[in-house]
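Peer 1: Input input.cif, format and content: mmCIF, C-alpha atoms.
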```
data_coords
#
loop_
_atom_site.label_atom_id
_atom_site.label_comp_id
_atom_site.auth_asym_id
_atom_site.auth_seq_id
_atom_site.Cartn_x
_atom_site.Cartn_y
_atom_site.Cartn_z
CA MET A 1 97.09 1.56 -27.46
CA PHE A 2 93.33 1.51 -28.13
CA GLN A 3 93.35 5.11 -29.24
CA PHE A 4 96.38 4.55 -31.46
CA LEU A 5 94.80 1.60 -33.35
CA VAL A 6 91.52 3.40 -33.86
CA GLU A 7 93.25 6.49 -35.23
CA ARG A 8 95.43 4.42 -37.62
CA ARG A 9 92.46 2.50 -39.00
CA SER A 10 90.40 5.65 -39.52
CA LEU A 11 93.37 7.37 -41.11
CA ALA A 12 93.88 4.53 -43.61
CA LEU A 13 90.21 4.63 -44.58
CA LEU A 14 90.27 8.39 -45.08
CA VAL A 15 93.45 8.22 -47.14
CA GLY A 16 91.98 5.46 -49.35
CA LEU A 17 88.80 7.41 -50.01
CA PHE A 18 90.75 10.54 -50.73
CA LEU A 19 92.99 8.76 -53.25
CA VAL A 20 89.98 7.33 -55.06
CA SER A 21 88.30 10.73 -55.31
CA PHE A 22 91.53 12.41 -56.33
CA THR A 23 92.14 9.84 -59.08
CA LEU A 24 88.64 10.33 -60.49
CA MET A 25 89.01 14.08 -60.52
CA THR A 26 92.41 13.87 -62.19
CA LEU A 27 91.13 11.57 -64.95
CA SER A 28 88.13 13.83 -65.50
CA VAL A 29 90.22 16.94 -65.88
CA ARG A 30 92.73 15.18 -68.12
CA PHE A 31 90.22 13.79 -70.65
CA ARG A 32 87.28 16.19 -70.51
CA GLY A 33 88.47 19.29 -68.76
CA GLN A 34 85.51 19.29 -66.36
CA SER A 35 83.74 16.86 -64.08
CA THR A 36 80.45 15.22 -64.96
CA LEU A 37 77.32 15.06 -62.82
CA LEU A 38 78.13 11.47 -61.91
CA GLU A 39 81.59 12.44 -60.77
CA ARG A 40 80.25 15.31 -58.71
CA SER A 41 77.71 12.97 -57.15
CA ILE A 42 80.42 10.45 -56.37
CA LEU A 43 82.56 13.16 -54.78
CA SER A 44 79.59 14.36 -52.72
CA ILE A 45 78.92 10.80 -51.55
CA LEU A 46 82.61 10.31 -50.78
CA GLY A 47 82.67 13.54 -48.77
CA SER A 48 79.69 12.45 -46.73
CA THR A 49 81.22 9.01 -46.28
CA ILE A 50 84.49 10.54 -45.09
CA ARG A 51 82.66 12.69 -42.56
CA VAL A 52 80.66 9.68 -41.30
CA ALA A 53 83.80 7.53 -41.18
CA ASP A 54 85.53 10.17 -39.09
CA ILE A 55 82.81 10.08 -36.38
CA PRO A 56 84.15 6.93 -34.59
CA ARG A 57 87.62 8.43 -34.51
CA LYS A 58 86.37 11.66 -32.94
CA TRP A 59 84.18 9.68 -30.53
CA SER A 60 87.08 7.46 -29.47
CA VAL A 61 89.37 10.47 -28.98
CA GLU A 62 86.78 12.27 -26.84
CA LEU A 63 86.10 9.09 -24.86
CA TRP A 64 89.81 8.57 -24.23
CA GLN A 65 90.25 12.19 -23.12
CA LYS A 66 87.32 11.91 -20.70
CA TYR A 67 88.76 8.67 -19.34
CA GLN A 68 92.11 10.38 -18.74
CA LEU A 69 90.37 13.28 -16.97
CA LEU A 70 88.45 10.91 -14.71
CA LYS A 71 91.60 8.91 -13.98
CA ASN A 72 93.55 12.04 -13.11
CA ALA A 73 90.71 13.32 -10.93
CA HIS A 74 90.57 9.97 -9.08
CA GLU A 75 94.32 10.01 -8.46
CA GLU A 76 94.19 13.62 -7.25
CA ASN A 77 91.29 12.69 -4.95
CA ILE A 78 93.36 9.89 -3.40
CA VAL A 79 96.30 12.25 -2.85
CA LEU A 80 94.03 14.88 -1.26
CA LYS A 81 92.46 12.28 1.06
CA ARG A 82 95.90 11.17 2.21
CA LYS A 83 96.93 14.76 2.86
CA LEU A 84 93.71 15.36 4.81
CA GLN A 85 94.32 12.25 6.93
CA THR A 86 97.86 13.43 7.64
CA LEU A 87 96.60 16.88 8.64
CA ASN A 88 93.95 15.35 10.91
CA THR A 89 96.60 13.16 12.56
CA HIS A 90 98.89 16.15 13.11
CA HIS A 91 95.99 18.17 14.50
CA ALA A 92 95.09 15.39 16.96
CA GLN A 93 98.73 15.12 18.04
CA ILE A 94 98.95 18.88 18.59
CA GLN A 95 95.74 18.88 20.64
CA GLU A 96 97.01 15.96 22.73
CA LEU A 97 100.29 17.77 23.31
CA LYS A 98 98.45 20.92 24.41
CA SER A 99 96.33 18.87 26.81
CA GLU A 100 99.42 17.20 28.28
CA VAL A 101 101.17 20.54 28.74
CA ALA A 102 98.10 21.92 30.54
CA ARG A 103 97.99 18.92 32.89
CA LEU A 104 101.71 19.15 33.65
CA LYS A 105 101.36 22.87 34.39
CA LYS A 106 98.67 22.09 36.96
CA LEU A 107 100.89 19.45 38.57
CA LEU A 108 103.84 21.82 38.70
CA GLY A 109 101.64 24.55 40.14
CA ALA A 110 100.44 22.21 42.88
CA SER A 111 104.00 21.11 43.64
CA GLN A 112 104.88 24.70 44.60
CA ASN A 113 102.66 24.30 47.68
CA LEU A 114 104.52 21.20 48.88
CA GLU A 115 107.55 21.34 51.12
CA ALA A 116 109.18 18.21 49.67
CA PRO A 117 110.75 18.07 46.19
CA VAL A 118 108.71 16.15 43.60
CA ARG A 119 109.24 14.11 40.44
CA LEU A 120 106.62 13.94 37.71
CA ALA A 121 105.74 10.51 36.34
CA ARG A 122 103.47 9.11 33.64
CA ILE A 123 101.15 6.18 34.20
CA LEU A 124 102.15 3.27 31.97
CA ALA A 125 99.55 0.73 33.06
CA ARG A 126 96.74 -0.02 35.51
CA ASN A 127 96.34 -3.29 37.34
CA LYS A 128 92.93 -4.16 38.74
CA ASN A 129 92.73 -7.20 41.02
CA ILE A 130 90.69 -8.57 43.91
CA TYR A 131 92.24 -6.00 46.25
CA GLY A 132 91.59 -2.92 44.14
CA GLU A 133 93.79 -1.01 41.72
CA SER A 134 97.50 -0.31 41.39
CA LEU A 135 99.41 1.86 38.91
CA LEU A 136 102.67 1.36 37.02
CA LEU A 137 104.82 4.49 36.58
CA ASP A 138 107.58 5.23 34.08
CA ILE A 139 110.32 6.09 36.62
CA GLY A 140 112.13 3.91 39.13
CA SER A 141 115.16 3.58 41.39
CA ARG A 142 117.56 5.14 38.90
CA ASP A 143 115.44 8.31 39.20
CA GLY A 144 115.67 8.27 42.99
CA VAL A 145 112.32 6.62 43.66
CA SER A 146 112.11 4.34 46.71
CA ARG A 147 109.46 2.31 48.50
CA ASN A 148 106.67 4.08 50.47
CA MET A 149 107.18 7.48 48.84
CA PRO A 150 103.82 9.33 48.69
CA VAL A 151 102.21 9.75 45.27
CA MET A 152 100.14 12.87 44.63
CA HIS A 153 97.90 14.55 42.10
CA GLN A 154 97.11 18.24 42.14
CA GLU A 155 93.71 17.36 43.62
CA GLY A 156 95.00 15.20 46.46
CA LEU A 157 96.62 11.96 47.60
CA VAL A 158 96.86 9.03 45.18
CA GLY A 159 98.73 6.43 47.23
CA ARG A 160 102.28 5.30 47.92
CA ILE A 161 105.09 3.51 46.10
CA SER A 162 104.84 -0.21 46.91
CA ARG A 163 107.43 -1.76 44.57
CA VAL A 164 110.40 -0.25 42.74
CA GLY A 165 112.27 -1.43 39.66
CA ASN A 166 115.18 0.17 37.87
CA ASN A 167 113.02 2.01 35.32
CA VAL A 168 109.48 1.60 36.68
CA SER A 169 107.64 1.66 39.99
CA GLN A 170 104.27 0.45 41.29
CA VAL A 171 101.76 2.54 43.22
CA LEU A 172 99.44 1.10 45.86
CA THR A 173 96.47 3.46 45.46
CA LEU A 174 93.90 4.55 48.01
CA LEU A 175 91.40 2.33 46.18
CA ASP A 176 93.30 -0.82 47.17
CA SER A 177 91.96 -2.64 50.23
CA ARG A 178 95.54 -3.22 51.41
CA SER A 179 95.98 0.54 51.70
CA ALA A 180 95.08 2.58 54.79
CA VAL A 181 95.66 6.26 55.54
CA ASN A 182 95.44 7.93 58.93
CA VAL A 183 93.21 10.96 58.41
CA ILE A 184 91.91 13.89 60.37
CA ALA A 185 88.66 15.78 59.73
CA GLN A 186 89.63 19.34 58.88
CA ARG A 187 86.53 20.83 60.54
CA SER A 188 86.14 18.77 63.72
CA ARG A 189 89.79 17.63 64.04
CA SER A 190 88.67 14.09 64.88
CA GLN A 191 90.88 11.28 63.62
CA GLY A 192 90.24 7.97 61.88
CA VAL A 193 91.50 5.67 59.13
CA PHE A 194 90.48 5.95 55.48
CA THR A 195 90.40 2.52 53.86
CA ILE A 196 88.48 0.23 51.50
CA SER A 197 85.94 -2.26 52.86
CA PRO A 198 85.84 -5.91 51.71
CA GLU A 199 82.88 -4.88 49.55
CA GLY A 200 85.07 -2.34 47.76
CA GLU A 201 83.52 0.78 49.33
CA SER A 202 85.55 3.70 50.67
CA GLU A 203 84.97 4.23 54.37
CA VAL A 204 86.40 5.87 57.48
CA ARG A 205 86.96 3.67 60.51
CA TYR A 206 87.53 4.36 64.19
CA MET A 207 85.97 7.82 64.27
CA PRO A 208 84.45 8.52 67.73
CA HIS A 209 80.65 8.41 67.66
CA HIS A 210 80.28 11.63 69.66
CA VAL A 211 82.03 13.68 66.98
CA ASN A 212 79.70 15.72 64.76
CA MET A 213 80.67 14.55 61.27
CA LYS A 214 78.80 15.97 58.29
CA ARG A 215 78.45 15.12 54.64
CA GLY A 216 81.07 17.03 52.65
CA ASP A 217 83.63 17.28 55.48
CA LEU A 218 87.19 17.20 54.16
CA LEU A 219 89.57 14.51 55.37
CA ILE A 220 93.31 15.19 55.21
CA SER A 221 96.29 13.04 56.09
CA SER A 222 97.12 13.26 59.78
CA GLY A 223 100.85 12.61 59.41
CA LEU A 224 100.71 9.59 61.72
CA GLY A 225 102.49 6.44 60.57
CA GLY A 226 105.54 8.14 59.13
CA ILE A 227 104.60 7.70 55.45
CA PHE A 228 102.24 10.50 54.40
CA PRO A 229 103.00 14.11 55.40
CA LYS A 230 100.30 15.92 57.32
CA GLY A 231 97.72 18.00 55.46
CA LEU A 232 97.37 16.14 52.14
CA PRO A 233 93.73 16.09 50.88
CA VAL A 234 92.42 12.51 50.96
CA ALA A 235 88.61 12.30 50.77
CA HIS A 236 85.21 13.86 51.40
CA ILE A 237 82.63 12.31 53.71
CA THR A 238 79.53 11.26 51.77
CA LYS A 239 77.35 9.56 54.39
CA VAL A 240 77.22 9.07 58.18
CA THR A 241 74.97 6.37 59.72
CA ASP A 242 74.62 4.28 62.89
CA VAL A 243 75.96 6.92 65.26
CA SER A 244 74.68 4.99 68.29
CA GLY A 245 77.48 2.43 68.23
CA LEU A 246 81.05 2.69 69.39
CA PHE A 247 82.10 3.86 65.95
CA PRO A 248 79.71 5.36 63.39
CA LYS A 249 79.55 4.04 59.85
CA ILE A 250 81.11 6.70 57.67
CA LYS A 251 81.27 6.49 53.89
CA ALA A 252 83.74 8.66 52.01
CA ARG A 253 84.87 9.33 48.46
CA ALA A 254 88.48 9.89 47.44
CA ILE A 255 89.11 13.41 46.19
CA VAL A 256 91.20 12.24 43.24
CA ASP A 257 89.31 10.97 40.19
CA PHE A 258 91.34 7.83 39.48
CA THR A 259 89.59 7.15 36.17
CA ASN A 260 91.19 10.21 34.54
CA LEU A 261 94.71 9.95 35.94
CA GLU A 262 97.48 10.18 33.34
CA GLU A 263 100.35 11.82 35.25
CA VAL A 264 101.20 11.99 38.94
CA MET A 265 103.93 13.46 41.12
CA ILE A 266 106.05 11.59 43.64
CA LEU A 267 107.09 13.30 46.85
CA MET A 268 110.81 12.60 47.03
CA THR A 269 110.86 11.97 50.78
CA LYS A 270 112.16 8.74 52.27
CA PRO A 271 109.74 7.55 54.94
CA LYS A 272 110.63 4.50 57.00
CA ASP A 273 108.68 1.25 56.95
CA ASN A 274 108.87 1.39 60.77
CA PRO A 275 108.77 4.98 62.06
CA TRP A 276 110.29 3.84 65.38
CA LYS A 277 113.62 2.96 63.76
#
```
Please express what this file holds, its structure, as structure tokens.
Peer 2:
Amino acid sequence: MFQFLVERRSLALLVGLFLVSFTLMTLSVRFRGQSTLLERSILSILGSTIRVADIPRKWSVELWQKYQLLKNAHEENIVLKRKLQTLNTHHAQIQELKSEVARLKKLLGASQNLEAPVRLARILARNKNIYGESLLLDIGSRDGVSRNMPVMHQEGLVGRISRVGNNVSQVLTLLDSRSAVNVIAQRSRSQGVFTISPEGESEVRYMPHHVNMKRGDLLISSGLGGIFPKGLPVAHITKVTDVSGLFPKIKARAIVDFTNLEEVMILMTKPKDNPWK
């Protein structure tokens, strides 16, 4: 609208000046056959005036064109930014999918070494309380999951199923003080119980003091208790102290890194709450 008004006003001015000059020239030719010096001067002044009067019109047209170019460039920049954001989102999703596939391949590879059939499950939530940590999985009783089924990672034992819903299930992890696993030292074959102390530290209880336990010794499930199969990696011994007592103080660290868990596998065995039944 601004450009249109400016052009119309400039056009009217130019037309008016042209008509005046044309009228003067016509009268001069009609009565004298040639133009006088005054008329030529007037025409020269009119020509200069017309050129000067046309400057605002040209300036406004150029300004409007530049404004349109900047506006178009801004709109194109917004579109390109949106496309870039979309591409970045798709790239992140693809990378996440690749990472998930790699993790699932490792789980499936580890499951080939287990005698029992397994079901893969994703971790939906983590619950930290005064006892330790439990996990919520995305499969439940409709998938065949039942209480006390062992839960594994490719690195080692995670815990056992403690509660089961129709579509979800809860895992009592090794980091929960209510959990205890009968273990056997792979090197010395001595047995004990891996558990969590009231202070929240992983430890091994009831190991005989005369047994030569060393830092780094691997502890595996002993199979006692009827819940965990024998031979599942549980923890590594990190420190042995006070060997003069009835039972030495043994610190251990779970093999599984619970902070990075995203998927687990459930051993589809059905252990009994009471192995004597």
Peer 1: Kindly indicate which residue among A:Gln191, A:Ser134, A:Asn148, A:Thr238 lies nearest to Ile161 in chain A, using all atoms listed in the file for the distances.
Peer 2: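 Closest to Ile161 in chain A, using all atoms listed in the file: A:Asn148.
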Peer 1: Find the axis-aligned box for range 267-270 of chain A, covering all its listed atoms and adding 5 Å on each side, and write its centre and edge lengths in Å to one decimal as JSON.
Peer 2:
```
{"center_x": 109.6, "center_y": 11.0, "center_z": 49.6, "size_x": 15.1, "size_y": 14.6, "size_z": 15.4}
```
Peer 1: Leaving out Tyr206 in chain A and any residue of its chain fewer than 3 positions from it, which residues lie within 12 Å of it when counting all atoms listed in the file, given as a ChimeraX atom specification?
Peer 2: /A:182-184,190-195,203,209-211,243,245-250
Peer 1: With a distance cut-off of 10 Å and all atoms listed in the file, select the neighbouring residues of Gly223 in chain A, excluding the residue or stretch itself and same-chain residues fewer than 2 positions from it, and output the selection as a VMD selection string.
Peer 2: chain A and resid 181 to 184 220 to 221 225 to 232
Peer 1: Report the distance between CA of Arg187 in chain A and CA of Asp217 in chain A in Å, rounded to one decimal place.
Peer 2: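 Going from CA of Arg187 in chain A over to CA of Asp217 in chain A, I get 6.8 Å.
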Peer 1: Mind pulling up the distance from CA of Arg147 in chain A to CA of Ile123 in chain A?
Peer 2: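 Pair CA of Ile123 in chain A / CA of Arg147 in chain A returns 17.0 Å.
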Peer 1: Enumerate, as an MDAnalysis selection string, the residues matched when the PyMOL selection byres ((chain A and resi 157) around 8) is run on the file above.
Peer 2: chainID A and resid 150:153 155:156 158:159 174 232:234 255:256
Peer 1: Residues as selected, C-alpha atoms, written as a PDB file, keeping the file's coordinate frame, can you do that?
Peer 2:
```
ATOM      1  CA  PRO A 150     103.820   9.330  48.690  1.00  0.00           C
ATOM      2  CA  VAL A 151     102.210   9.750  45.270  1.00  0.00           C
ATOM      3  CA  MET A 152     100.140  12.870  44.630  1.00  0.00           C
ATOM      4  CA  HIS A 153      97.900  14.550  42.100  1.00  0.00           C
ATOM      5  CA  GLU A 155      93.710  17.360  43.620  1.00  0.00           C
ATOM      6  CA  GLY A 156      95.000  15.200  46.460  1.00  0.00           C
ATOM      7  CA  VAL A 158      96.860   9.030  45.180  1.00  0.00           C
ATOM      8  CA  GLY A 159      98.730   6.430  47.230  1.00  0.00           C
ATOM      9  CA  LEU A 174      93.900   4.550  48.010  1.00  0.00           C
ATOM     10  CA  LEU A 232      97.370  16.140  52.140  1.00  0.00           C
ATOM     11  CA  PRO A 233      93.730  16.090  50.880  1.00  0.00           C
ATOM     12  CA  VAL A 234      92.420  12.510  50.960  1.00  0.00           C
ATOM     13  CA  ILE A 255      89.110  13.410  46.190  1.00  0.00           C
ATOM     14  CA  VAL A 256      91.200  12.240  43.240  1.00  0.00           C
TER      15      VAL A 256
END
```
